[in-house]
Amino acid sequence: MSIEKKWFGTTAGGTDVYSYTIGNKNGMRAVVLTYGGALQALYVKDAYGKTRDVLVGFDDLEGFEQRSNYQGVLVGRYCNRIADGSFTVGGRTYDVTRNEKGVTCLHGGGEFSRAVWQASVIAENAVALRYTSPDGAEGFPGEMETSVTYTLTDDNELILDYKARCTADGYINLTNHAYFNLGGFDSGDILNTELRIRASHYLPTDARSIPTGEVRSVKGTPFDFREVKPIGRDIGEEDEQLLMCRGYDHNYCLDAHRDGPAAEAYCPATGIRMQLFTDLPGMQLYTGNFLQGSIGKKGLPMFRHAGFCLETQYYPDTPHRPEFPSCLFKAGEVYTSRTSFKFV
Ligand code: BGC
């Protein structure tokens, strides 16, 4: 086990950014940045002994600052979407940043993903990142302290432990936005990657990507990943939800289970298999439908379906959906959650 700290770059605003590389005894390495609390790279050995970086993203800070679609970063205070950028808590209405088409609040306005977090090495295999969001940031009530600890075990499991507390009542929904490509970031699209998701239902959305309120069965639809299938098998079907989003970009309502991963992905070309564990009720499957146009690692252009995201979360737009599992936390109440990615 080892952790190496390196200077990564200086932001446009003049703040130095560092990377922390956590390595385990099997040669797996996770690179975490203070900028956005990002998981910048994840080096995993494939079935043939070759080490591959399985994250699509950037190797320069400018990429994170200028060309980001949230590659690898932490997202808060409220990941995914809040309809109309407005919600009411305790009889008071809050207007938050409407950074999507001027109407929707997407990924909490981006604040947590652009922030430079304070890092500390808390064990030989763990780095804790901390960020304090000021009262009123992006329009959200209260000062919120957040910490996310990245731990890499010798069992090849990367664990993300989230903890947050706010001085006002409010909604808390945190995630990490890594784009995986288990063939390696430079290997082409992820359509052949096999995926299983333990979810019998998902949330259809309207044209603004806001859940309609319907909790729809996946049965008989292209959204059924209960049996393993390649991501690309049904992605081109004439399904109104897929056509609207140019692919998968939907919250899965994870089935309650205790006996294994909530999702599992496998790349036949490299033999890399990843299991996802979480204590959260939802997971957004996003197949990088809008990735084209930006330049990523090694100067290579990104393209549609270059990576997939498994964003563990409370369901989107819960402030307007009291019937969804609640992520309303009282002032001073502690939010905790754990998500991990295990390579087996
Ligand atoms: C959203 C997508 C969005 C992407 C990048 C995902 O979480 O669901 O609609 O394009 O993030 O912002």
# chains A, B, ... in the order shown; residues from 1 in each chain; ligands from 1
$ residues_around --residues "Ser19 in chain A" --least-positions-apart "4" --cutoff "10 Å" --atoms "only C-alpha atoms" --output "ChimeraX atom specification"
/A:3-9,30-35,37-40,119
$ closest_atom_pairs --of "chain A" --to "ligand 1" --cutoff "9 Å" --atoms "only C-alpha atoms and all ligand atoms" --output "tab-separated table"
residue	atom	partner	partner_atom_place_in_ligand_line	distance
A:Ser68	CA	ligand 1	5 (C)	8.4
A:Asn69	CA	ligand 1	5 (C)	4.7
A:Tyr70	CA	ligand 1	5 (C)	5.8
A:Gln71	CA	ligand 1	5 (C)	8.1
A:Cys79	CA	ligand 1	7 (O)	7.4
A:Asn80	CA	ligand 1	7 (O)	5.4
A:Arg81	CA	ligand 1	8 (O)	7.9
A:Leu106	CA	ligand 1	12 (O)	7.2
A:His107	CA	ligand 1	12 (O)	7.3
A:His177	CA	ligand 1	7 (O)	7.0
A:Ser209	CA	ligand 1	9 (O)	7.0
A:Cys245	CA	ligand 1	9 (O)	7.7
A:Tyr248	CA	ligand 1	8 (O)	8.9
A:Asp249	CA	ligand 1	8 (O)	5.2
A:His250	CA	ligand 1	8 (O)	6.7
A:Asn251	CA	ligand 1	8 (O)	8.3
A:Gln284	CA	ligand 1	8 (O)	6.6
A:Leu285	CA	ligand 1	8 (O)	7.7
A:Tyr286	CA	ligand 1	8 (O)	6.0
A:Thr287	CA	ligand 1	2 (C)	8.8
A:Gly288	CA	ligand 1	10 (O)	7.3
A:Asn289	CA	ligand 1	10 (O)	7.2
A:Phe290	CA	ligand 1	10 (O)	6.2
A:Leu291	CA	ligand 1	10 (O)	8.2
A:Cys309	CA	ligand 1	7 (O)	7.7
A:Leu310	CA	ligand 1	7 (O)	8.9
A:Glu311	CA	ligand 1	7 (O)	6.9
$ write_last_selection --atoms "C-alpha atoms" --output "compact mmCIF listing (two decimals), in the first residue's frame"
# COMPACT_ATOMS: atom_id res chain seq x y z
CA SER A 68 -15.76 18.92 -18.52
CA ASN A 69 -18.91 16.86 -18.72
CA TYR A 70 -18.29 16.03 -15.06
CA GLN A 71 -15.63 13.39 -15.87
CA CYS A 79 -26.65 15.58 -8.14
CA ASN A 80 -28.87 14.99 -11.18
CA ARG A 81 -31.80 17.37 -11.63
CA LEU A 106 -28.25 20.10 -12.98
CA HIS A 107 -25.64 18.64 -10.60
CA HIS A 177 -19.47 11.01 -11.99
CA SER A 209 -34.89 14.71 -18.30
CA CYS A 245 -31.87 10.92 -24.54
CA TYR A 248 -29.52 5.51 -21.61
CA ASP A 249 -29.67 8.46 -19.22
CA HIS A 250 -32.09 7.25 -16.57
CA ASN A 251 -32.36 6.46 -12.90
CA GLN A 284 -28.29 6.79 -13.01
CA LEU A 285 -27.08 4.82 -16.00
CA TYR A 286 -25.63 7.34 -18.43
CA THR A 287 -24.01 6.04 -21.61
CA GLY A 288 -22.03 9.16 -22.52
CA ASN A 289 -24.61 10.20 -25.10
CA PHE A 290 -23.21 13.72 -25.39
CA LEU A 291 -19.49 13.09 -25.02
CA CYS A 309 -21.50 6.23 -15.74
CA LEU A 310 -23.11 4.40 -12.85
CA GLU A 311 -24.05 7.35 -10.64
$ residues_around --residues "Gly36 in chain A" --least-positions-apart "4" --cutoff "6 Å" --atoms "only C-alpha atoms" --output "compact mmCIF listing (two decimals) with N, CA and C atoms, in the first residue's frame"
# COMPACT_ATOMS: atom_id res chain seq x y z
N VAL A 73 -15.64 13.61 -11.47
CA VAL A 73 -15.73 14.51 -10.31
C VAL A 73 -16.83 14.12 -9.32
N LEU A 74 -16.72 14.69 -8.11
CA LEU A 74 -17.79 14.57 -7.13
C LEU A 74 -18.87 15.58 -7.48
N SER A 113 -18.19 20.18 -8.05
CA SER A 113 -17.36 19.57 -9.09
C SER A 113 -16.24 20.52 -9.54
N ARG A 114 -16.40 21.82 -9.26
CA ARG A 114 -15.38 22.81 -9.63
C ARG A 114 -14.53 23.24 -8.44
N ALA A 115 -14.96 22.86 -7.25
CA ALA A 115 -14.26 23.31 -6.03
C ALA A 115 -12.92 22.61 -5.89
N VAL A 116 -11.97 23.28 -5.25
CA VAL A 116 -10.72 22.62 -4.87
C VAL A 116 -10.89 22.16 -3.43
$ residues_around --residues "Phe343 in chain A" --least-positions-apart "3" --cutoff "9 Å" --atoms "only C-alpha atoms" --output "PDB file with N, CA, C and O atoms, in the first residue's frame"
ATOM      1  N   VAL A  44      -6.079  -0.637 -13.722  1.00  0.00           N
ATOM      2  CA  VAL A  44      -6.507  -1.986 -13.349  1.00  0.00           C
ATOM      3  C   VAL A  44      -5.798  -2.975 -14.270  1.00  0.00           C
ATOM      4  O   VAL A  44      -5.627  -2.696 -15.466  1.00  0.00           O
ATOM      5  N   ASP A 155      -8.117  -6.032  -1.905  1.00  0.00           N
ATOM      6  CA  ASP A 155      -9.083  -6.853  -2.651  1.00  0.00           C
ATOM      7  C   ASP A 155      -9.540  -6.159  -3.925  1.00  0.00           C
ATOM      8  O   ASP A 155     -10.579  -6.514  -4.498  1.00  0.00           O
ATOM      9  N   ASN A 156      -8.830  -5.130  -4.317  1.00  0.00           N
ATOM     10  CA  ASN A 156      -9.153  -4.370  -5.542  1.00  0.00           C
ATOM     11  C   ASN A 156     -10.515  -3.676  -5.466  1.00  0.00           C
ATOM     12  O   ASN A 156     -11.239  -3.599  -6.459  1.00  0.00           O
ATOM     13  N   GLU A 157     -10.855  -3.212  -4.280  1.00  0.00           N
ATOM     14  CA  GLU A 157     -12.117  -2.483  -4.126  1.00  0.00           C
ATOM     15  C   GLU A 157     -11.803  -1.015  -3.837  1.00  0.00           C
ATOM     16  O   GLU A 157     -11.034  -0.702  -2.910  1.00  0.00           O
ATOM     17  N   LEU A 158     -12.391  -0.135  -4.627  1.00  0.00           N
ATOM     18  CA  LEU A 158     -12.264   1.306  -4.378  1.00  0.00           C
ATOM     19  C   LEU A 158     -13.557   1.756  -3.700  1.00  0.00           C
ATOM     20  O   LEU A 158     -14.639   1.680  -4.291  1.00  0.00           O
ATOM     21  N   ILE A 272     -11.856  -7.484 -17.971  1.00  0.00           N
ATOM     22  CA  ILE A 272     -11.996  -6.696 -16.735  1.00  0.00           C
ATOM     23  C   ILE A 272     -13.463  -6.706 -16.302  1.00  0.00           C
ATOM     24  O   ILE A 272     -14.370  -6.420 -17.097  1.00  0.00           O
ATOM     25  N   ARG A 273     -13.659  -7.066 -15.046  1.00  0.00           N
ATOM     26  CA  ARG A 273     -15.017  -7.127 -14.483  1.00  0.00           C
ATOM     27  C   ARG A 273     -15.093  -6.216 -13.268  1.00  0.00           C
ATOM     28  O   ARG A 273     -14.226  -6.246 -12.398  1.00  0.00           O
ATOM     29  N   MET A 274     -16.143  -5.400 -13.233  1.00  0.00           N
ATOM     30  CA  MET A 274     -16.297  -4.457 -12.123  1.00  0.00           C
ATOM     31  C   MET A 274     -17.667  -4.651 -11.474  1.00  0.00           C
ATOM     32  O   MET A 274     -18.679  -4.715 -12.153  1.00  0.00           O
ATOM     33  N   GLN A 275     -17.659  -4.739 -10.157  1.00  0.00           N
ATOM     34  CA  GLN A 275     -18.921  -4.823  -9.423  1.00  0.00           C
ATOM     35  C   GLN A 275     -19.158  -3.509  -8.692  1.00  0.00           C
ATOM     36  O   GLN A 275     -18.213  -2.902  -8.193  1.00  0.00           O
TER      37      GLN A 275
END
$ closest_residue --among "A:Asp317, A:Asp206, A:Asp154, A:Asp46" --to "Gly108 in chain A" --atoms "only C-alpha atoms"
A:Asp317
$ residues_around --residues "Tyr314 in chain A" --least-positions-apart "5" --cutoff "8 Å" --atoms "only C-alpha atoms" --output "list in words"
Asn173, Leu280, Pro281, Gly282, Met283, Pro325, Ser326 and Cys327 of chain A
$ write_last_selection --atoms "N, CA and C atoms" --output "mmCIF file, in the first residue's frame"
data_model
loop_
_atom_site.group_PDB
_atom_site.id
_atom_site.type_symbol
_atom_site.label_atom_id
_atom_site.label_comp_id
_atom_site.auth_asym_id
_atom_site.auth_seq_id
_atom_site.Cartn_x
_atom_site.Cartn_y
_atom_site.Cartn_z
ATOM 1 N N ASN A 173 -27.788 15.163 -1.936
ATOM 2 C CA ASN A 173 -27.682 14.053 -2.889
ATOM 3 C C ASN A 173 -26.300 14.145 -3.535
ATOM 4 N N LEU A 280 -27.369 3.212 -1.535
ATOM 5 C CA LEU A 280 -28.344 4.199 -1.995
ATOM 6 C C LEU A 280 -29.461 3.523 -2.801
ATOM 7 N N PRO A 281 -30.621 4.177 -2.901
ATOM 8 C CA PRO A 281 -31.748 3.519 -3.577
ATOM 9 C C PRO A 281 -31.739 3.615 -5.102
ATOM 10 N N GLY A 282 -30.919 4.531 -5.648
ATOM 11 C CA GLY A 282 -30.980 4.743 -7.093
ATOM 12 C C GLY A 282 -29.620 4.751 -7.755
ATOM 13 N N MET A 283 -29.647 4.617 -9.085
ATOM 14 C CA MET A 283 -28.406 4.694 -9.866
ATOM 15 C C MET A 283 -28.737 5.185 -11.265
ATOM 16 N N PRO A 325 -37.936 7.913 -2.238
ATOM 17 C CA PRO A 325 -37.161 7.878 -0.985
ATOM 18 C C PRO A 325 -36.585 9.269 -0.697
ATOM 19 N N SER A 326 -36.737 9.699 0.539
ATOM 20 C CA SER A 326 -36.418 11.092 0.868
ATOM 21 C C SER A 326 -34.939 11.307 1.157
ATOM 22 N N CYS A 327 -34.406 12.410 0.632
ATOM 23 C CA CYS A 327 -33.045 12.800 1.014
ATOM 24 C C CYS A 327 -33.079 14.199 1.630
#
$ select_by_dssp --residues "range 87-162 of chain A" --states "strand (DSSP E)" --output "ChimeraX atom specification"
/A:87-89,92-95,105-106,118-123,126-133,144-152,157-162
$ write_last_selection --atoms "N, CA and C atoms" --output "mmCIF file, in the first residue's frame"
data_model
loop_
_atom_site.group_PDB
_atom_site.id
_atom_site.type_symbol
_atom_site.label_atom_id
_atom_site.label_comp_id
_atom_site.auth_asym_id
_atom_site.auth_seq_id
_atom_site.Cartn_x
_atom_site.Cartn_y
_atom_site.Cartn_z
ATOM 1 N N PHE A 87 -37.279 24.829 -5.128
ATOM 2 C CA PHE A 87 -37.943 23.885 -4.227
ATOM 3 C C PHE A 87 -38.278 24.586 -2.924
ATOM 4 N N THR A 88 -39.130 23.934 -2.154
ATOM 5 C CA THR A 88 -39.594 24.520 -0.898
ATOM 6 C C THR A 88 -39.226 23.617 0.270
ATOM 7 N N VAL A 89 -38.665 24.215 1.297
ATOM 8 C CA VAL A 89 -38.364 23.480 2.535
ATOM 9 C C VAL A 89 -38.844 24.333 3.704
ATOM 10 N N ARG A 92 -40.314 27.720 3.043
ATOM 11 C CA ARG A 92 -39.536 28.722 2.312
ATOM 12 C C ARG A 92 -39.112 28.187 0.960
ATOM 13 N N THR A 93 -39.225 29.021 -0.045
ATOM 14 C CA THR A 93 -38.851 28.583 -1.389
ATOM 15 C C THR A 93 -37.439 29.052 -1.717
ATOM 16 N N TYR A 94 -36.656 28.135 -2.270
ATOM 17 C CA TYR A 94 -35.282 28.464 -2.651
ATOM 18 C C TYR A 94 -35.136 28.359 -4.161
ATOM 19 N N ASP A 95 -34.557 29.390 -4.747
ATOM 20 C CA ASP A 95 -34.236 29.352 -6.176
ATOM 21 C C ASP A 95 -32.767 29.023 -6.309
ATOM 22 N N CYS A 105 -31.964 22.844 -12.552
ATOM 23 C CA CYS A 105 -30.702 22.789 -11.802
ATOM 24 C C CYS A 105 -30.090 21.412 -12.033
ATOM 25 N N LEU A 106 -28.945 21.370 -12.710
ATOM 26 C CA LEU A 106 -28.246 20.100 -12.979
ATOM 27 C C LEU A 106 -26.995 20.032 -12.108
ATOM 28 N N GLN A 118 -9.935 20.101 0.197
ATOM 29 C CA GLN A 118 -8.774 19.906 1.085
ATOM 30 C C GLN A 118 -8.542 18.411 1.218
ATOM 31 N N ALA A 119 -7.314 17.988 0.980
ATOM 32 C CA ALA A 119 -7.042 16.544 1.052
ATOM 33 C C ALA A 119 -6.191 16.212 2.259
ATOM 34 N N SER A 120 -6.448 15.067 2.863
ATOM 35 C CA SER A 120 -5.512 14.548 3.857
ATOM 36 C C SER A 120 -5.432 13.030 3.749
ATOM 37 N N VAL A 121 -4.210 12.550 3.941
ATOM 38 C CA VAL A 121 -3.980 11.105 3.912
ATOM 39 C C VAL A 121 -4.342 10.588 5.295
ATOM 40 N N ILE A 122 -5.364 9.732 5.378
ATOM 41 C CA ILE A 122 -5.816 9.301 6.706
ATOM 42 C C ILE A 122 -5.450 7.851 7.015
ATOM 43 N N ALA A 123 -4.915 7.138 6.048
ATOM 44 C CA ALA A 123 -4.410 5.778 6.265
ATOM 45 C C ALA A 123 -3.480 5.484 5.104
ATOM 46 N N ALA A 126 -5.873 5.376 2.158
ATOM 47 C CA ALA A 126 -7.088 6.213 2.134
ATOM 48 C C ALA A 126 -6.775 7.703 2.138
ATOM 49 N N VAL A 127 -7.494 8.420 1.281
ATOM 50 C CA VAL A 127 -7.379 9.883 1.218
ATOM 51 C C VAL A 127 -8.755 10.481 1.467
ATOM 52 N N ALA A 128 -8.805 11.430 2.405
ATOM 53 C CA ALA A 128 -10.077 12.117 2.693
ATOM 54 C C ALA A 128 -10.055 13.491 2.051
ATOM 55 N N LEU A 129 -11.171 13.834 1.416
ATOM 56 C CA LEU A 129 -11.316 15.152 0.798
ATOM 57 C C LEU A 129 -12.423 15.898 1.520
ATOM 58 N N ARG A 130 -12.186 17.171 1.782
ATOM 59 C CA ARG A 130 -13.198 17.941 2.508
ATOM 60 C C ARG A 130 -13.489 19.228 1.771
ATOM 61 N N TYR A 131 -14.765 19.607 1.818
ATOM 62 C CA TYR A 131 -15.156 20.889 1.202
ATOM 63 C C TYR A 131 -16.304 21.486 2.004
ATOM 64 N N THR A 132 -16.207 22.772 2.268
ATOM 65 C CA THR A 132 -17.293 23.466 2.952
ATOM 66 C C THR A 132 -17.964 24.409 1.967
ATOM 67 N N SER A 133 -19.226 24.155 1.739
ATOM 68 C CA SER A 133 -19.997 24.981 0.808
ATOM 69 C C SER A 133 -20.676 26.089 1.611
ATOM 70 N N MET A 144 -22.697 23.899 4.295
ATOM 71 C CA MET A 144 -22.640 22.435 4.272
ATOM 72 C C MET A 144 -21.204 21.940 4.238
ATOM 73 N N GLU A 145 -20.908 21.091 5.209
ATOM 74 C CA GLU A 145 -19.578 20.455 5.251
ATOM 75 C C GLU A 145 -19.697 19.065 4.647
ATOM 76 N N THR A 146 -18.787 18.754 3.747
ATOM 77 C CA THR A 146 -18.830 17.438 3.094
ATOM 78 C C THR A 146 -17.460 16.794 3.144
ATOM 79 N N SER A 147 -17.435 15.504 3.384
ATOM 80 C CA SER A 147 -16.169 14.798 3.193
ATOM 81 C C SER A 147 -16.431 13.520 2.399
ATOM 82 N N VAL A 148 -15.485 13.224 1.549
ATOM 83 C CA VAL A 148 -15.538 11.983 0.773
ATOM 84 C C VAL A 148 -14.176 11.319 0.922
ATOM 85 N N THR A 149 -14.187 10.089 1.395
ATOM 86 C CA THR A 149 -12.935 9.356 1.568
ATOM 87 C C THR A 149 -12.834 8.271 0.502
ATOM 88 N N TYR A 150 -11.719 8.288 -0.194
ATOM 89 C CA TYR A 150 -11.423 7.237 -1.179
ATOM 90 C C TYR A 150 -10.482 6.236 -0.507
ATOM 91 N N THR A 151 -10.873 4.969 -0.476
ATOM 92 C CA THR A 151 -10.031 3.914 0.099
ATOM 93 C C THR A 151 -9.845 2.821 -0.950
ATOM 94 N N LEU A 152 -8.618 2.400 -1.143
ATOM 95 C CA LEU A 152 -8.357 1.294 -2.081
ATOM 96 C C LEU A 152 -7.841 0.103 -1.281
ATOM 97 N N GLU A 157 -10.855 -3.212 -4.280
ATOM 98 C CA GLU A 157 -12.117 -2.483 -4.126
ATOM 99 C C GLU A 157 -11.803 -1.015 -3.837
ATOM 100 N N LEU A 158 -12.391 -0.135 -4.627
ATOM 101 C CA LEU A 158 -12.264 1.306 -4.378
ATOM 102 C C LEU A 158 -13.557 1.756 -3.700
ATOM 103 N N ILE A 159 -13.406 2.202 -2.450
ATOM 104 C CA ILE A 159 -14.587 2.539 -1.644
ATOM 105 C C ILE A 159 -14.692 4.055 -1.511
ATOM 106 N N LEU A 160 -15.889 4.589 -1.745
ATOM 107 C CA LEU A 160 -16.141 6.015 -1.545
ATOM 108 C C LEU A 160 -17.108 6.173 -0.374
ATOM 109 N N ASP A 161 -16.608 6.769 0.696
ATOM 110 C CA ASP A 161 -17.452 7.031 1.864
ATOM 111 C C ASP A 161 -17.801 8.502 1.905
ATOM 112 N N TYR A 162 -19.095 8.783 1.858
ATOM 113 C CA TYR A 162 -19.585 10.156 1.834
ATOM 114 C C TYR A 162 -20.157 10.522 3.199
#
$ closest_residue --among "A:Pro261, A:Gly307, A:Gly110, A:Gly188" --to "Leu174 in chain A" --atoms "only C-alpha atoms"
A:Gly110
$ closest_residue --among "A:Asp189, A:Glu100, A:Asp279, A:Glu237" --to "Ala83 in chain A" --atoms "only C-alpha atoms"
A:Glu100
$ select_by_dssp --residues "range 21-135 of chain A" --states "helix (DSSP H, G or I)" --output "number ranges by chain"
A: 61-66, 83-85, 107-114
$ atom_distance --atom1 "CA of Tyr78 in chain A" --atom2 "CA of Val54 in chain A"
26.1 Å
$ atom_distance --atom1 "CA of Thr10 in chain A" --atom2 "CA of Thr51 in chain A"
28.5 Å
$ residues_around --residues "Met28 in chain A" --least-positions-apart "2" --cutoff "8 Å" --atoms "only C-alpha atoms" --output "PDB file with N, CA and C atoms, in the first residue's frame"
ATOM      1  N   GLY A  23      -2.003   3.170  -4.253  1.00  0.00           N
ATOM      2  CA  GLY A  23      -1.679   1.910  -4.929  1.00  0.00           C
ATOM      3  C   GLY A  23      -1.884   0.729  -3.992  1.00  0.00           C
ATOM      4  N   ASN A  24      -2.238  -0.424  -4.542  1.00  0.00           N
ATOM      5  CA  ASN A  24      -2.337  -1.614  -3.686  1.00  0.00           C
ATOM      6  C   ASN A  24      -1.314  -2.671  -4.110  1.00  0.00           C
ATOM      7  N   LYS A  25      -1.312  -3.783  -3.438  1.00  0.00           N
ATOM      8  CA  LYS A  25      -0.253  -4.788  -3.661  1.00  0.00           C
ATOM      9  C   LYS A  25      -0.390  -5.488  -5.011  1.00  0.00           C
ATOM     10  N   ASN A  26      -1.555  -5.356  -5.650  1.00  0.00           N
ATOM     11  CA  ASN A  26      -1.762  -6.010  -6.951  1.00  0.00           C
ATOM     12  C   ASN A  26      -1.434  -5.104  -8.136  1.00  0.00           C
ATOM     13  N   ALA A  30      -5.432   4.160  -7.924  1.00  0.00           N
ATOM     14  CA  ALA A  30      -6.502   5.148  -8.085  1.00  0.00           C
ATOM     15  C   ALA A  30      -5.876   6.519  -7.933  1.00  0.00           C
ATOM     16  N   LEU A  42      -7.921   5.328 -13.051  1.00  0.00           N
ATOM     17  CA  LEU A  42      -8.032   4.084 -12.290  1.00  0.00           C
ATOM     18  C   LEU A  42      -7.325   3.002 -13.110  1.00  0.00           C
ATOM     19  N   TYR A  43      -6.169   2.603 -12.614  1.00  0.00           N
ATOM     20  CA  TYR A  43      -5.358   1.627 -13.342  1.00  0.00           C
ATOM     21  C   TYR A  43      -5.653   0.232 -12.806  1.00  0.00           C
ATOM     22  N   VAL A  44      -6.079  -0.637 -13.722  1.00  0.00           N
ATOM     23  CA  VAL A  44      -6.507  -1.986 -13.349  1.00  0.00           C
ATOM     24  C   VAL A  44      -5.798  -2.975 -14.270  1.00  0.00           C
ATOM     25  N   LYS A  45      -5.400  -4.125 -13.730  1.00  0.00           N
ATOM     26  CA  LYS A  45      -4.780  -5.159 -14.577  1.00  0.00           C
ATOM     27  C   LYS A  45      -5.857  -5.941 -15.304  1.00  0.00           C
ATOM     28  N   ASN A 156      -8.830  -5.130  -4.317  1.00  0.00           N
ATOM     29  CA  ASN A 156      -9.153  -4.370  -5.542  1.00  0.00           C
ATOM     30  C   ASN A 156     -10.515  -3.676  -5.466  1.00  0.00           C
TER      31      ASN A 156
END
$ residues_around --residues "Phe329 in chain A" --least-positions-apart "4" --cutoff "8 Å" --atoms "only C-alpha atoms" --output "count of residues only"
7
$ closest_atom_pairs --of "range 295-328 of chain A" --to "range 191-196 of chain A" --cutoff "10 Å" --atoms "only C-alpha atoms" --output "Markdown table"
| residue | atom | partner | partner_atom | distance |
| --- | --- | --- | --- | --- |
| A:His305 | CA | A:Leu191 | CA | 7.1 |
| A:Ala306 | CA | A:Leu191 | CA | 8.7 |
| A:Gly307 | CA | A:Leu191 | CA | 9.0 |
| A:Phe308 | CA | A:Leu191 | CA | 9.3 |
